[in-house]
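Notes follow once the structure below has been shown.
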Amino acid sequence: MSLPYRLGSSSLFARPNDEDADKPRRVVFLSVEGTVTEARYFKYIERYREELGIDAIVHVEVLRKHDTKSGLDHILGLLEEYIRFRDTKMFEEEIASLDLGKYDTQFIRLFLENSSAILPKQQRQFEAVLRSKHLDLRYLQFLSRFHGEDDVFGIVIDRDQGSHSAKQISEVITECKEKGYRCYITNPCLEFWLLLHVSDVKTEFAEQLDEILDNKTDEKGNTFVSNLLCAKTGERKSIKDKTFRNYYLPNVDLAIERAKGFASREELLDKIGSNLGELFALLRM
């Protein structure tokens with residue numbers, strides 16, 4: 001295998017029925033830094049897109065990964081790994097090159113195209129082999145086939161001064177510009193964007209903006225911003241459906257408007273802010 005195959009569904013072999021839906025005009029593919037908060041937030045954005053004024057044929061696909069690495073190079077690499085799979089021919093070539101022991105190319109294609117023709121026990125055994133290799137063939141096949149007419153590719157990252165240097169962020173921004181990818185940044189972290197949904201941060205925390213920017217971790221391992229968010233919603237990283245509907249869904253436009261009172265996109269390396277409002281403008285086009 002020539003690729004690391006980090007792409008995989010959050011639940012192996014369990015794809016929703018997107019392939020049966022109408023072909024979307026646009027698919028927005030996002031490679032996100034976090035494996036919990038970002039993935040859940042954008043999952044709910046997709047689920048409640050009609051309520052948010054997002055055209056029903058726009059689909060947000062948050063790229064999934066088997067590993068938990070979250071460095072900037074991994075986030076960008078994940079997006080580009082997907083883009084390579086946009087080429088159906090490339091996917092077919094990869095299938096032909098797989099070395100899965102007794103399972104030949106004919107069996108693999110049967111598994112992908114007509115698995116009901118395979119005995120249940122054989123299916124389970126083959127799926128066990130795929131799991132052992134962190135190889136999610138059905139998800140990769142889905143990615144190779146799921147194309148809109150005006151697709152967008154982007155990354156969602158935190159400024160996170162404790163982990164990312166200004167040089168690293170600048171290099172990623174430059175690379176995204178050169179390759180035509182969208183780059184959405186929140187300084188200091190996505191929880192700040194979430195906090196904008198439930199607080200007029202600039203007024204309520206006017207005396208604590210420096211602490212928000214520093215976003216230090218307490219003795220329990222929780223960041224300053226996540227503690228502020230928890231005080232408002234009762235949750236930090238994990239977002240339940242009820243929490244999203246109560247706190248975030250009705251306040252997305254408030255968050256967008258409040259973000260305008262903070263740093264512009266060009267200032268996000270050094271100042272508090274988020275340009276995620278640009279993503280919603282894109283989704284509502």
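Residues are referred to by chain and number: the chain letter is A, B, ... according to the order shown in the structure tokens, the number counts from 1 in that chain, and ligands are numbered separately from 1 in the order shown.
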
Find the spatial neighbours of Leu52 (chain A), counting only C-alpha atoms, within a cut-off of 9 Å - ignore same-chain residues fewer than 2 positions away - and output them as a list in words.
-> Ile45, Tyr48, Arg49, Glu50, Ile54, Asp55, Leu249, Pro250, Val252, Asp253 and Arg284 of chain A

Please produce an output containing all heavy atoms for each residue in the selection, written as a compact mmCIF listing (two decimals), in the first residue's frame.
# COMPACT_ATOMS: atom_id res chain seq x y z
N ILE A 45 -23.82 21.08 12.52
CA ILE A 45 -24.06 22.09 11.49
C ILE A 45 -24.64 21.42 10.25
O ILE A 45 -25.59 21.93 9.63
CB ILE A 45 -22.75 22.83 11.12
CG1 ILE A 45 -22.25 23.67 12.31
CG2 ILE A 45 -22.95 23.71 9.89
CD1 ILE A 45 -23.20 24.74 12.77
N TYR A 48 -28.34 20.20 11.04
CA TYR A 48 -29.35 21.27 11.18
C TYR A 48 -29.14 22.36 10.13
O TYR A 48 -29.48 23.52 10.36
CB TYR A 48 -29.29 21.85 12.58
CG TYR A 48 -29.68 20.86 13.65
CD1 TYR A 48 -28.72 20.30 14.49
CD2 TYR A 48 -31.01 20.44 13.79
CE1 TYR A 48 -29.08 19.37 15.47
CE2 TYR A 48 -31.37 19.52 14.76
CZ TYR A 48 -30.41 18.98 15.58
OH TYR A 48 -30.76 18.05 16.54
N ARG A 49 -28.63 21.99 8.97
CA ARG A 49 -28.30 22.99 7.96
C ARG A 49 -29.54 23.74 7.48
O ARG A 49 -29.47 24.93 7.16
CB ARG A 49 -27.56 22.33 6.80
CG ARG A 49 -28.33 21.26 6.07
CD ARG A 49 -27.43 20.50 5.11
NE ARG A 49 -28.17 19.46 4.41
CZ ARG A 49 -27.60 18.51 3.70
NH1 ARG A 49 -26.29 18.47 3.60
NH2 ARG A 49 -28.32 17.60 3.09
N GLU A 50 -30.68 23.07 7.41
CA GLU A 50 -31.90 23.75 6.93
C GLU A 50 -32.29 24.87 7.89
O GLU A 50 -32.63 25.98 7.47
CB GLU A 50 -33.05 22.75 6.80
CG GLU A 50 -34.30 23.35 6.18
CD GLU A 50 -35.36 22.31 5.90
OE1 GLU A 50 -35.04 21.10 5.90
OE2 GLU A 50 -36.52 22.71 5.69
N ILE A 54 -28.78 27.02 5.42
CA ILE A 54 -27.81 26.44 4.50
C ILE A 54 -28.57 25.62 3.46
O ILE A 54 -29.39 24.79 3.82
CB ILE A 54 -26.79 25.56 5.25
CG1 ILE A 54 -25.99 26.41 6.24
CG2 ILE A 54 -25.86 24.85 4.27
CD1 ILE A 54 -25.13 25.60 7.18
N ASP A 55 -28.31 25.88 2.20
CA ASP A 55 -28.98 25.16 1.13
C ASP A 55 -28.89 23.66 1.38
O ASP A 55 -27.82 23.12 1.65
CB ASP A 55 -28.32 25.51 -0.21
CG ASP A 55 -29.12 25.04 -1.40
OD1 ASP A 55 -29.73 23.95 -1.32
OD2 ASP A 55 -29.15 25.75 -2.42
N LEU A 249 -27.21 26.24 18.12
CA LEU A 249 -28.05 26.36 16.93
C LEU A 249 -28.75 27.72 16.82
O LEU A 249 -28.69 28.35 15.76
CB LEU A 249 -29.08 25.22 16.90
CG LEU A 249 -30.05 25.21 15.72
CD1 LEU A 249 -29.31 25.13 14.39
CD2 LEU A 249 -31.03 24.02 15.85
N PRO A 250 -29.39 28.22 17.89
CA PRO A 250 -30.09 29.49 17.75
C PRO A 250 -29.18 30.71 17.76
O PRO A 250 -29.65 31.84 17.55
CB PRO A 250 -31.04 29.50 18.96
CG PRO A 250 -30.37 28.64 19.97
CD PRO A 250 -29.61 27.60 19.21
N VAL A 252 -25.88 30.94 16.17
CA VAL A 252 -24.79 30.96 15.21
C VAL A 252 -24.59 32.37 14.65
O VAL A 252 -23.46 32.87 14.55
CB VAL A 252 -25.03 29.95 14.07
CG1 VAL A 252 -24.08 30.21 12.90
CG2 VAL A 252 -24.86 28.53 14.57
N ASP A 253 -25.67 33.03 14.28
CA ASP A 253 -25.54 34.37 13.71
C ASP A 253 -25.04 35.37 14.74
O ASP A 253 -24.33 36.32 14.40
CB ASP A 253 -26.86 34.83 13.11
CG ASP A 253 -27.18 34.09 11.81
OD1 ASP A 253 -26.28 33.98 10.97
OD2 ASP A 253 -28.31 33.61 11.66
N ARG A 284 -23.85 29.37 2.89
CA ARG A 284 -25.16 29.97 2.60
C ARG A 284 -25.22 30.60 1.21
O ARG A 284 -26.25 31.15 0.83
CB ARG A 284 -25.49 31.03 3.65
CG ARG A 284 -25.83 30.42 5.00
CD ARG A 284 -25.82 31.46 6.11
NE ARG A 284 -26.48 30.95 7.32
CZ ARG A 284 -26.42 31.55 8.50
NH1 ARG A 284 -25.77 32.69 8.64
NH2 ARG A 284 -27.05 31.05 9.55

DSSP on the backbone, then: every residue of region 98-182 of chain A marked helix (DSSP H, G or I), written as a VMD selection string.
-> chain A and resid 105 to 113 115 to 117 120 to 132 137 to 145 166 to 179

Near region 91-102 of chain A, within 10 Å and counting only C-alpha atoms, which residues show up once chain neighbours fewer than 4 positions away are dropped, as a ChimeraX atom specification?
-> /A:1-3,84-87,106-109,126,129-130,133,137,140-141,143-145

Give the strand (DSSP E or B) residues of region 79-256 of chain A, as DSSP finds them on the backbone, and put them as a list in words.
-> Leu100, Tyr103, Val152, Phe153, Gly154, Ile155, Val156, Ile157, Asp158, Arg182, Cys183, Tyr184, Ile185, Thr186, Asn187, Thr217 and Thr223 of chain A

Limited to all heavy atoms, could you put the picked residues into a file as a tab-separated table (two decimals), in the first residue's frame?
chain	number	residue	atom	x	y	z
A	100	LEU	N	-3.70	-8.36	1.06
A	100	LEU	CA	-4.47	-8.75	2.24
A	100	LEU	C	-4.52	-10.27	2.38
A	100	LEU	O	-5.56	-10.86	2.69
A	100	LEU	CB	-5.89	-8.17	2.15
A	100	LEU	CG	-5.97	-6.64	2.17
A	100	LEU	CD1	-7.40	-6.18	1.97
A	100	LEU	CD2	-5.41	-6.08	3.47
A	103	TYR	N	-7.18	-12.76	0.64
A	103	TYR	CA	-8.26	-11.99	0.01
A	103	TYR	C	-7.71	-11.28	-1.23
A	103	TYR	O	-6.96	-10.31	-1.12
A	103	TYR	CB	-8.84	-10.98	1.01
A	103	TYR	CG	-9.41	-11.64	2.25
A	103	TYR	CD1	-8.71	-11.60	3.45
A	103	TYR	CD2	-10.62	-12.32	2.20
A	103	TYR	CE1	-9.22	-12.21	4.59
A	103	TYR	CE2	-11.14	-12.94	3.32
A	103	TYR	CZ	-10.44	-12.88	4.51
A	103	TYR	OH	-10.95	-13.50	5.63
A	152	VAL	N	-15.45	22.56	-2.13
A	152	VAL	CA	-14.53	23.43	-1.42
A	152	VAL	C	-13.73	22.59	-0.43
A	152	VAL	O	-14.27	21.68	0.21
A	152	VAL	CB	-15.30	24.53	-0.65
A	152	VAL	CG1	-14.34	25.36	0.20
A	152	VAL	CG2	-16.05	25.43	-1.64
A	153	PHE	N	-12.45	22.90	-0.30
A	153	PHE	CA	-11.58	22.17	0.62
A	153	PHE	C	-10.97	23.15	1.61
A	153	PHE	O	-10.50	24.22	1.23
A	153	PHE	CB	-10.46	21.46	-0.16
A	153	PHE	CG	-10.97	20.65	-1.32
A	153	PHE	CD1	-10.97	21.18	-2.60
A	153	PHE	CD2	-11.50	19.40	-1.12
A	153	PHE	CE1	-11.47	20.46	-3.67
A	153	PHE	CE2	-12.00	18.66	-2.18
A	153	PHE	CZ	-11.99	19.19	-3.46
A	154	GLY	N	-10.98	22.77	2.88
A	154	GLY	CA	-10.43	23.69	3.87
A	154	GLY	C	-9.96	22.98	5.12
A	154	GLY	O	-10.22	21.79	5.33
A	155	ILE	N	-9.25	23.73	5.96
A	155	ILE	CA	-8.82	23.22	7.26
A	155	ILE	C	-9.34	24.14	8.35
A	155	ILE	O	-9.53	25.35	8.14
A	155	ILE	CB	-7.28	23.10	7.35
A	155	ILE	CG1	-6.61	24.47	7.25
A	155	ILE	CG2	-6.75	22.17	6.27
A	155	ILE	CD1	-5.12	24.45	7.53
A	156	VAL	N	-9.59	23.55	9.51
A	156	VAL	CA	-10.05	24.30	10.68
A	156	VAL	C	-9.04	24.06	11.79
A	156	VAL	O	-8.86	22.93	12.24
A	156	VAL	CB	-11.45	23.84	11.14
A	156	VAL	CG1	-11.88	24.59	12.39
A	156	VAL	CG2	-12.47	24.05	10.02
A	157	ILE	N	-8.35	25.13	12.22
A	157	ILE	CA	-7.29	24.97	13.20
A	157	ILE	C	-7.40	26.02	14.30
A	157	ILE	O	-8.03	27.07	14.14
A	157	ILE	CB	-5.89	25.06	12.56
A	157	ILE	CG1	-5.72	26.40	11.82
A	157	ILE	CG2	-5.65	23.90	11.61
A	157	ILE	CD1	-4.33	26.60	11.22
A	158	ASP	N	-6.77	25.71	15.44
A	158	ASP	CA	-6.64	26.66	16.53
A	158	ASP	C	-5.31	27.39	16.39
A	158	ASP	O	-4.33	26.82	15.92
A	158	ASP	CB	-6.64	25.94	17.88
A	158	ASP	CG	-7.95	25.21	18.16
A	158	ASP	OD1	-8.96	25.55	17.53
A	158	ASP	OD2	-7.94	24.32	19.03
A	182	ARG	N	-9.28	26.69	1.77
A	182	ARG	CA	-9.74	27.65	2.76
A	182	ARG	C	-9.06	27.34	4.09
A	182	ARG	O	-8.82	26.17	4.43
A	182	ARG	CB	-11.25	27.56	2.94
A	182	ARG	CG	-12.06	27.63	1.64
A	182	ARG	CD	-11.94	28.99	0.96
A	182	ARG	NE	-12.63	29.00	-0.32
A	182	ARG	CZ	-13.66	29.79	-0.59
A	182	ARG	NH1	-14.13	30.62	0.33
A	182	ARG	NH2	-14.23	29.77	-1.78
A	183	CYS	N	-8.77	28.38	4.85
A	183	CYS	CA	-8.11	28.21	6.15
A	183	CYS	C	-8.91	28.97	7.20
A	183	CYS	O	-9.01	30.20	7.14
A	183	CYS	CB	-6.68	28.71	6.08
A	183	CYS	SG	-5.72	28.39	7.58
A	184	TYR	N	-9.49	28.23	8.15
A	184	TYR	CA	-10.29	28.84	9.20
A	184	TYR	C	-9.55	28.71	10.52
A	184	TYR	O	-9.24	27.60	10.97
A	184	TYR	CB	-11.66	28.18	9.26
A	184	TYR	CG	-12.40	28.26	7.95
A	184	TYR	CD1	-12.52	27.15	7.12
A	184	TYR	CD2	-12.96	29.46	7.52
A	184	TYR	CE1	-13.17	27.22	5.90
A	184	TYR	CE2	-13.61	29.54	6.30
A	184	TYR	CZ	-13.72	28.43	5.50
A	184	TYR	OH	-14.37	28.51	4.28
A	185	ILE	N	-9.28	29.86	11.15
A	185	ILE	CA	-8.47	29.89	12.37
A	185	ILE	C	-9.25	30.55	13.50
A	185	ILE	O	-9.94	31.55	13.28
A	185	ILE	CB	-7.17	30.68	12.15
A	185	ILE	CG1	-6.37	30.10	10.97
A	185	ILE	CG2	-6.31	30.69	13.41
A	185	ILE	CD1	-5.17	30.94	10.59
A	186	THR	N	-9.15	29.97	14.69
A	186	THR	CA	-9.69	30.62	15.88
A	186	THR	C	-8.55	30.79	16.88
A	186	THR	O	-7.81	29.86	17.16
A	186	THR	CB	-10.81	29.78	16.52
A	186	THR	OG1	-11.86	29.60	15.56
A	186	THR	CG2	-11.39	30.50	17.73
A	187	ASN	N	-8.43	31.99	17.40
A	187	ASN	CA	-7.41	32.30	18.40
A	187	ASN	C	-8.11	32.67	19.71
A	187	ASN	O	-8.87	33.64	19.74
A	187	ASN	CB	-6.54	33.47	17.93
A	187	ASN	CG	-5.30	33.66	18.78
A	187	ASN	OD1	-5.07	32.95	19.74
A	187	ASN	ND2	-4.49	34.65	18.43
A	217	THR	N	-3.80	26.30	31.10
A	217	THR	CA	-4.44	25.08	31.61
A	217	THR	C	-4.36	25.05	33.13
A	217	THR	O	-3.32	25.36	33.71
A	217	THR	CB	-3.73	23.84	31.02
A	217	THR	OG1	-3.80	23.91	29.59
A	217	THR	CG2	-4.40	22.56	31.50
A	223	THR	N	-8.55	24.09	30.05
A	223	THR	CA	-8.09	25.41	29.65
A	223	THR	C	-9.01	26.49	30.20
A	223	THR	O	-10.17	26.23	30.56
A	223	THR	CB	-8.01	25.55	28.13
A	223	THR	OG1	-9.34	25.48	27.59
A	223	THR	CG2	-7.13	24.47	27.53

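Here CA of Glu149 (chain A) stands at a distance of 5.6 Å from CA of Arg26 (chain A).
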
Give me the residues near Lys232 (chain A) as a PDB file with C-alpha atoms, in the first residue's frame, where near means some atom within 9 Å (using only C-alpha atoms) and where sequence neighbours in that chain fewer than 2 positions away do not count.
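This is the output file around-v4.pdb:
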ATOM      1  CA  LEU A 195     -18.221  30.874  23.692  1.00  0.00           C
ATOM      2  CA  VAL A 198     -23.452  32.075  24.495  1.00  0.00           C
ATOM      3  CA  SER A 199     -21.691  35.248  25.635  1.00  0.00           C
ATOM      4  CA  ASN A 227     -13.885  26.595  31.868  1.00  0.00           C
ATOM      5  CA  LEU A 228     -15.735  29.732  30.761  1.00  0.00           C
ATOM      6  CA  LEU A 229     -17.670  27.663  28.229  1.00  0.00           C
ATOM      7  CA  CYS A 230     -18.482  24.975  30.794  1.00  0.00           C
ATOM      8  CA  GLY A 234     -22.236  22.602  31.347  1.00  0.00           C
ATOM      9  CA  GLU A 235     -19.952  21.029  28.715  1.00  0.00           C
ATOM     10  CA  TYR A 247     -27.004  26.879  23.057  1.00  0.00           C
TER      11      TYR A 247
END

Computed interatomic separation between CA of Asn275 (chain A) and CA of Phe146 (chain A) (Å) = 27.2 Å

Residue with smallest distance to Val27 (chain A) - pool A:Glu175, A:Leu283, A:Tyr82, A:Leu213, counting only C-alpha atoms |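 Result for the nearest residue to Val27 (chain A): A:Leu283.
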
Residues within 12 Å of Tyr44 (chain A), only C-alpha atoms, excluding chain neighbours under 3 positions, as a PyMOL selection string | chain A and resi 37-41+47-52+59-62+239-245+248-249+252

CA of Glu219 (chain A) and CA of Glu191 (chain A), how far apart in Å?
->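 Between CA of Glu191 (chain A) and CA of Glu219 (chain A) the gap works out to 18.7 Å.
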